[in-house]
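To keep things clear, I will list the structure first and then write my remarks on it.
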Amino acid sequence: MEPPAQPRRVTIVDVARHAQVSTTAVSKVLRNAYGTSPKMRAKVRQAIAELGYRPFAAARGMRGQTYTIGVMLPDIRNPFFPEILDGLTEALDETDYQVLMGPGCNGEAAEARVTEAMIDRGMDGLVLIAPVSPHSHLEQVAHTVPTVVVGRHGQSTVYDTVSDDDIAGAALVVDHLVGLGHRRIAHIEHAETDPARMLEMPNALRAEGFRRSMRAHDLAGEAEIVSTTYTQEGGYRGTRHLLTGTDRPTAIFAGADIVAMGVLEALDEAGVSVPGDVSVVGYDNTTFAAFGPISLTSVDQAGRHIGTEAARLLLGRLADRGKPSAQVKLSPSLVVRGTTAPPSA
């Protein structure tokens, strides 16, 4: 018995016949080109919907555009990154661009493979979220394809950046905890040893903001920093270390909400109440932070807004490759919930 014949792919010619217009008119509508009336566009789009027409990406790529945006994520388990993606996709919703994602896995080699694969597949633009690659590699990528770097500070003449004011965000945390009466405050950071990245990565700047703010409150001697990773496991290990000390902190500032998840897990396991014995603050104000049983005090760096700004900058660069680069820095705010309170002693 012969296998059933595969259905024929709907073509631009089919759309033109169905809409009773020329193939040139259909092509112009698909490219948002000048020279089509609103009535014509509506007619063609109705035909596309009725026939289920899908543009062939490879063919579009040979004509110069694939209408795809590549997004590199360092860690797909971090609940903050979907916030950025929501803002990005929402801003692109009224365009013809489609977002495709790839994991960078928090490593230079993995990032290079992902970005090179996206370039090789003809993606029109890239959004790189918290990349750890050297500045020189980022500039090489941006020279090849329009690029926006998110969550990394620094200057470039060829790519745009969107970041949170991490120094200010850390100060908000310290000011809040000191205002409640805390003095022994610990910070769990993501370990960073590369000198160049220490000037640009959010984790390093949050740690520096913590140090500065503790000094400003004359509490430098009370500050403790534990270097682990921006993961739930990192928060757990960092907290276990803090609990073994003789002078336990009364408050812990986790460098990310996902780290705070590990902090809360370790404190609960040790029978330490939150906020009765130890106050906890996160960073990112992710969805789980507002979940009632957790009610995590956290710094809101407006993930959706970051994504929206990234889309705006990338669309601008796609329209004009030669425009001056832009560095957008957003101001964070602190959302106070149930994991912080005055120290018990």
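Ligands are numbered from 1 in the order shown, residues from 1 within each chain, and chains are lettered A, B, ... in the order they appear in the structure tokens.
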
Open item on the list: Among region 64-96 of chain A, which ones does DSSP assign to helix (DSSP H, G or I) (computed from the backbone)? Answer as JSON, numbers by chain.
Closed with: {"A": [81, 82, 83, 84, 85, 86, 87, 88, 89, 90, 91, 92]}

Those same residues, written as a compact mmCIF listing (two decimals), in the first residue's frame with N, CA, C and O atoms?
```
# COMPACT_ATOMS: atom_id res chain seq x y z
N PHE A 81 13.94 35.47 33.55
CA PHE A 81 14.09 35.64 32.11
C PHE A 81 12.78 35.60 31.33
O PHE A 81 12.64 36.30 30.32
N PRO A 82 11.78 34.81 31.75
CA PRO A 82 10.49 34.90 31.06
C PRO A 82 9.86 36.28 31.11
O PRO A 82 9.11 36.66 30.21
N GLU A 83 10.17 37.05 32.18
CA GLU A 83 9.65 38.42 32.26
C GLU A 83 10.20 39.25 31.10
O GLU A 83 9.47 40.02 30.46
N ILE A 84 11.50 39.10 30.84
CA ILE A 84 12.12 39.83 29.73
C ILE A 84 11.51 39.38 28.40
O ILE A 84 11.19 40.19 27.53
N LEU A 85 11.34 38.07 28.26
CA LEU A 85 10.78 37.53 27.02
C LEU A 85 9.35 38.02 26.78
O LEU A 85 8.97 38.30 25.64
N ASP A 86 8.58 38.13 27.86
CA ASP A 86 7.21 38.64 27.72
C ASP A 86 7.21 40.05 27.14
O ASP A 86 6.43 40.37 26.24
N GLY A 87 8.07 40.90 27.69
CA GLY A 87 8.14 42.28 27.18
C GLY A 87 8.63 42.33 25.75
O GLY A 87 8.13 43.12 24.93
N LEU A 88 9.60 41.49 25.43
CA LEU A 88 10.17 41.46 24.08
C LEU A 88 9.14 41.00 23.06
O LEU A 88 8.93 41.65 22.02
N THR A 89 8.48 39.87 23.34
CA THR A 89 7.51 39.34 22.38
C THR A 89 6.28 40.23 22.26
O THR A 89 5.71 40.35 21.17
N GLU A 90 5.90 40.86 23.36
CA GLU A 90 4.76 41.77 23.31
C GLU A 90 5.06 42.96 22.40
O GLU A 90 4.22 43.39 21.62
N ALA A 91 6.29 43.49 22.50
CA ALA A 91 6.67 44.63 21.67
C ALA A 91 6.78 44.26 20.20
O ALA A 91 6.61 45.11 19.32
N LEU A 92 7.08 42.99 19.92
CA LEU A 92 7.22 42.54 18.53
C LEU A 92 5.93 41.98 17.96
O LEU A 92 5.88 41.58 16.79
```

Assign secondary structure with DSSP using the backbone only, and return the residues of region 238-341 of chain A in strand (DSSP E) as a PDB file with N, CA and C atoms, in the first residue's frame.
```
ATOM      1  N   ALA A 251      19.976  39.201  58.567  1.00  0.00           N
ATOM      2  CA  ALA A 251      19.337  39.427  57.266  1.00  0.00           C
ATOM      3  C   ALA A 251      20.249  38.920  56.160  1.00  0.00           C
ATOM      4  N   ILE A 252      19.639  38.366  55.114  1.00  0.00           N
ATOM      5  CA  ILE A 252      20.385  37.863  53.955  1.00  0.00           C
ATOM      6  C   ILE A 252      19.822  38.506  52.690  1.00  0.00           C
ATOM      7  N   PHE A 253      20.705  39.104  51.925  1.00  0.00           N
ATOM      8  CA  PHE A 253      20.355  39.690  50.632  1.00  0.00           C
ATOM      9  C   PHE A 253      20.812  38.724  49.543  1.00  0.00           C
ATOM     10  N   ALA A 254      19.860  38.064  48.911  1.00  0.00           N
ATOM     11  CA  ALA A 254      20.161  37.144  47.809  1.00  0.00           C
ATOM     12  C   ALA A 254      20.241  37.927  46.511  1.00  0.00           C
ATOM     13  N   SER A 279      15.731  37.881  58.191  1.00  0.00           N
ATOM     14  CA  SER A 279      15.009  38.494  57.073  1.00  0.00           C
ATOM     15  C   SER A 279      15.699  38.122  55.772  1.00  0.00           C
ATOM     16  N   VAL A 280      14.918  38.022  54.685  1.00  0.00           N
ATOM     17  CA  VAL A 280      15.463  37.633  53.381  1.00  0.00           C
ATOM     18  C   VAL A 280      14.945  38.590  52.311  1.00  0.00           C
ATOM     19  N   VAL A 281      15.856  39.033  51.453  1.00  0.00           N
ATOM     20  CA  VAL A 281      15.499  39.902  50.328  1.00  0.00           C
ATOM     21  C   VAL A 281      16.052  39.293  49.051  1.00  0.00           C
ATOM     22  N   GLY A 282      15.246  39.281  47.996  1.00  0.00           N
ATOM     23  CA  GLY A 282      15.694  38.796  46.698  1.00  0.00           C
ATOM     24  C   GLY A 282      15.902  39.938  45.719  1.00  0.00           C
ATOM     25  N   TYR A 283      16.115  39.579  44.471  1.00  0.00           N
ATOM     26  CA  TYR A 283      16.327  40.578  43.416  1.00  0.00           C
ATOM     27  C   TYR A 283      15.723  40.031  42.127  1.00  0.00           C
ATOM     28  N   THR A 297      10.230  39.779  49.826  1.00  0.00           N
ATOM     29  CA  THR A 297      10.659  41.149  49.556  1.00  0.00           C
ATOM     30  C   THR A 297      11.728  41.083  48.471  1.00  0.00           C
ATOM     31  N   SER A 298      11.583  41.899  47.422  1.00  0.00           N
ATOM     32  CA  SER A 298      12.492  41.766  46.288  1.00  0.00           C
ATOM     33  C   SER A 298      12.626  43.079  45.532  1.00  0.00           C
ATOM     34  N   VAL A 299      13.760  43.248  44.890  1.00  0.00           N
ATOM     35  CA  VAL A 299      13.994  44.417  44.041  1.00  0.00           C
ATOM     36  C   VAL A 299      13.360  44.165  42.679  1.00  0.00           C
ATOM     37  N   ASP A 300      12.527  45.083  42.253  1.00  0.00           N
ATOM     38  CA  ASP A 300      11.862  44.981  40.957  1.00  0.00           C
ATOM     39  C   ASP A 300      12.685  45.739  39.921  1.00  0.00           C
ATOM     40  N   GLN A 327      22.723  53.209  25.330  1.00  0.00           N
ATOM     41  CA  GLN A 327      22.818  52.452  26.575  1.00  0.00           C
ATOM     42  C   GLN A 327      21.681  52.897  27.490  1.00  0.00           C
ATOM     43  N   VAL A 328      20.704  52.020  27.680  1.00  0.00           N
ATOM     44  CA  VAL A 328      19.535  52.331  28.498  1.00  0.00           C
ATOM     45  C   VAL A 328      19.719  51.711  29.880  1.00  0.00           C
ATOM     46  N   LYS A 329      19.609  52.533  30.913  1.00  0.00           N
ATOM     47  CA  LYS A 329      19.716  52.045  32.285  1.00  0.00           C
ATOM     48  C   LYS A 329      18.417  52.381  33.020  1.00  0.00           C
ATOM     49  N   LEU A 330      17.748  51.346  33.527  1.00  0.00           N
ATOM     50  CA  LEU A 330      16.467  51.521  34.197  1.00  0.00           C
ATOM     51  C   LEU A 330      16.639  51.610  35.711  1.00  0.00           C
ATOM     52  N   SER A 333      13.098  49.433  41.817  1.00  0.00           N
ATOM     53  CA  SER A 333      12.331  49.796  43.013  1.00  0.00           C
ATOM     54  C   SER A 333      12.274  48.583  43.925  1.00  0.00           C
ATOM     55  N   LEU A 334      11.998  48.818  45.188  1.00  0.00           N
ATOM     56  CA  LEU A 334      11.921  47.720  46.156  1.00  0.00           C
ATOM     57  C   LEU A 334      10.467  47.412  46.476  1.00  0.00           C
ATOM     58  N   VAL A 335      10.082  46.142  46.362  1.00  0.00           N
ATOM     59  CA  VAL A 335       8.745  45.699  46.707  1.00  0.00           C
ATOM     60  C   VAL A 335       8.848  44.964  48.062  1.00  0.00           C
TER      61      VAL A 335
END
```

- [ ] State, in Å with one decimal place, the distance from CA of Val26 (chain A) to CA of Asp124 (chain A).
- [x] 21.6 Å

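When CA of Ser37 (chain A) is paired with CA of Gln20 (chain A), their separation reads 14.7 Å.
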
Which residues of region 130-187 of chain A sit at most 10 Å from region 222-234 of chain A, using only C-alpha atoms? Give each one's shortest atom pair and distance in Å (one decimal place), in chain and ascending residue order, as a tab-separated table.
```
residue	atom	partner	partner_atom	distance
A:His182	CA	A:Glu222	CA	9.9
A:Arg183	CA	A:Glu222	CA	6.3
A:Arg184	CA	A:Glu222	CA	4.9
A:Ile185	CA	A:Ala223	CA	5.5
A:Ala186	CA	A:Glu224	CA	4.6
A:His187	CA	A:Ile225	CA	4.8
```

Task: Shell around region 266-269 of chain A at 9 Å using only C-alpha atoms, local window under 2 positions removed, as a PyMOL selection string - done: chain A and resi 235-240+243+261-264+271-274+278

With only C-alpha atoms counted and 6 Å as the cut-off, give the residues of region 81-135 of chain A in contact with region 147-163 of chain A, each with its shortest interatomic distance in Å and the pair that gives it, as JSON lines.
```
{"residue": "A:Gly125", "atom": "CA", "partner": "A:Thr147", "partner_atom": "CA", "distance": 5.8}
{"residue": "A:Leu126", "atom": "CA", "partner": "A:Thr147", "partner_atom": "CA", "distance": 4.7}
{"residue": "A:Val127", "atom": "CA", "partner": "A:Val148", "partner_atom": "CA", "distance": 4.9}
{"residue": "A:Leu128", "atom": "CA", "partner": "A:Val149", "partner_atom": "CA", "distance": 4.9}
{"residue": "A:Ile129", "atom": "CA", "partner": "A:Val150", "partner_atom": "CA", "distance": 4.7}
{"residue": "A:Ala130", "atom": "CA", "partner": "A:Gly151", "partner_atom": "CA", "distance": 4.7}
```

Restrict the selected residues to all heavy atoms and save them as a PDB file, in the first residue's frame.
```pdb
ATOM      1  N   GLY A 125      18.297  39.700  13.694  1.00  0.00           N
ATOM      2  CA  GLY A 125      18.842  40.417  14.839  1.00  0.00           C
ATOM      3  C   GLY A 125      18.967  39.483  16.029  1.00  0.00           C
ATOM      4  O   GLY A 125      18.341  38.429  16.068  1.00  0.00           O
ATOM      5  N   LEU A 126      19.780  39.890  17.013  1.00  0.00           N
ATOM      6  CA  LEU A 126      19.997  39.079  18.212  1.00  0.00           C
ATOM      7  C   LEU A 126      19.780  39.901  19.467  1.00  0.00           C
ATOM      8  O   LEU A 126      20.122  41.084  19.524  1.00  0.00           O
ATOM      9  CB  LEU A 126      21.422  38.509  18.239  1.00  0.00           C
ATOM     10  CG  LEU A 126      21.872  37.614  17.086  1.00  0.00           C
ATOM     11  CD1 LEU A 126      23.299  37.138  17.339  1.00  0.00           C
ATOM     12  CD2 LEU A 126      20.937  36.445  16.901  1.00  0.00           C
ATOM     13  N   VAL A 127      19.211  39.244  20.478  1.00  0.00           N
ATOM     14  CA  VAL A 127      19.140  39.804  21.824  1.00  0.00           C
ATOM     15  C   VAL A 127      19.881  38.831  22.727  1.00  0.00           C
ATOM     16  O   VAL A 127      19.479  37.673  22.864  1.00  0.00           O
ATOM     17  CB  VAL A 127      17.684  39.975  22.306  1.00  0.00           C
ATOM     18  CG1 VAL A 127      17.661  40.457  23.758  1.00  0.00           C
ATOM     19  CG2 VAL A 127      16.934  40.954  21.415  1.00  0.00           C
ATOM     20  N   LEU A 128      20.971  39.281  23.309  1.00  0.00           N
ATOM     21  CA  LEU A 128      21.803  38.443  24.167  1.00  0.00           C
ATOM     22  C   LEU A 128      21.557  38.847  25.616  1.00  0.00           C
ATOM     23  O   LEU A 128      21.818  39.987  26.000  1.00  0.00           O
ATOM     24  CB  LEU A 128      23.284  38.603  23.813  1.00  0.00           C
ATOM     25  CG  LEU A 128      23.641  38.416  22.330  1.00  0.00           C
ATOM     26  CD1 LEU A 128      25.139  38.590  22.121  1.00  0.00           C
ATOM     27  CD2 LEU A 128      23.175  37.058  21.821  1.00  0.00           C
ATOM     28  N   ILE A 129      21.030  37.928  26.413  1.00  0.00           N
ATOM     29  CA  ILE A 129      20.678  38.224  27.803  1.00  0.00           C
ATOM     30  C   ILE A 129      21.801  37.792  28.730  1.00  0.00           C
ATOM     31  O   ILE A 129      22.170  36.616  28.775  1.00  0.00           O
ATOM     32  CB  ILE A 129      19.356  37.531  28.195  1.00  0.00           C
ATOM     33  CG1 ILE A 129      18.220  38.035  27.288  1.00  0.00           C
ATOM     34  CG2 ILE A 129      19.023  37.802  29.654  1.00  0.00           C
ATOM     35  CD1 ILE A 129      16.883  37.387  27.552  1.00  0.00           C
ATOM     36  N   ALA A 130      22.358  38.761  29.463  1.00  0.00           N
ATOM     37  CA  ALA A 130      23.443  38.540  30.429  1.00  0.00           C
ATOM     38  C   ALA A 130      24.555  37.658  29.869  1.00  0.00           C
ATOM     39  O   ALA A 130      24.942  36.665  30.493  1.00  0.00           O
ATOM     40  CB  ALA A 130      22.880  37.950  31.720  1.00  0.00           C
TER      41      ALA A 130
END
```

Open item on the list: What does the structure give for the distance between CA of Thr66 (chain A) and CA of Ile119 (chain A), in Å to one decimal?
Closed with: 11.2 Å

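Proximity of A:Val132, A:Ala47, A:Ala168, A:Leu205 to Asp75 (chain A), computed with only C-alpha atoms, is greatest for A:Val132.
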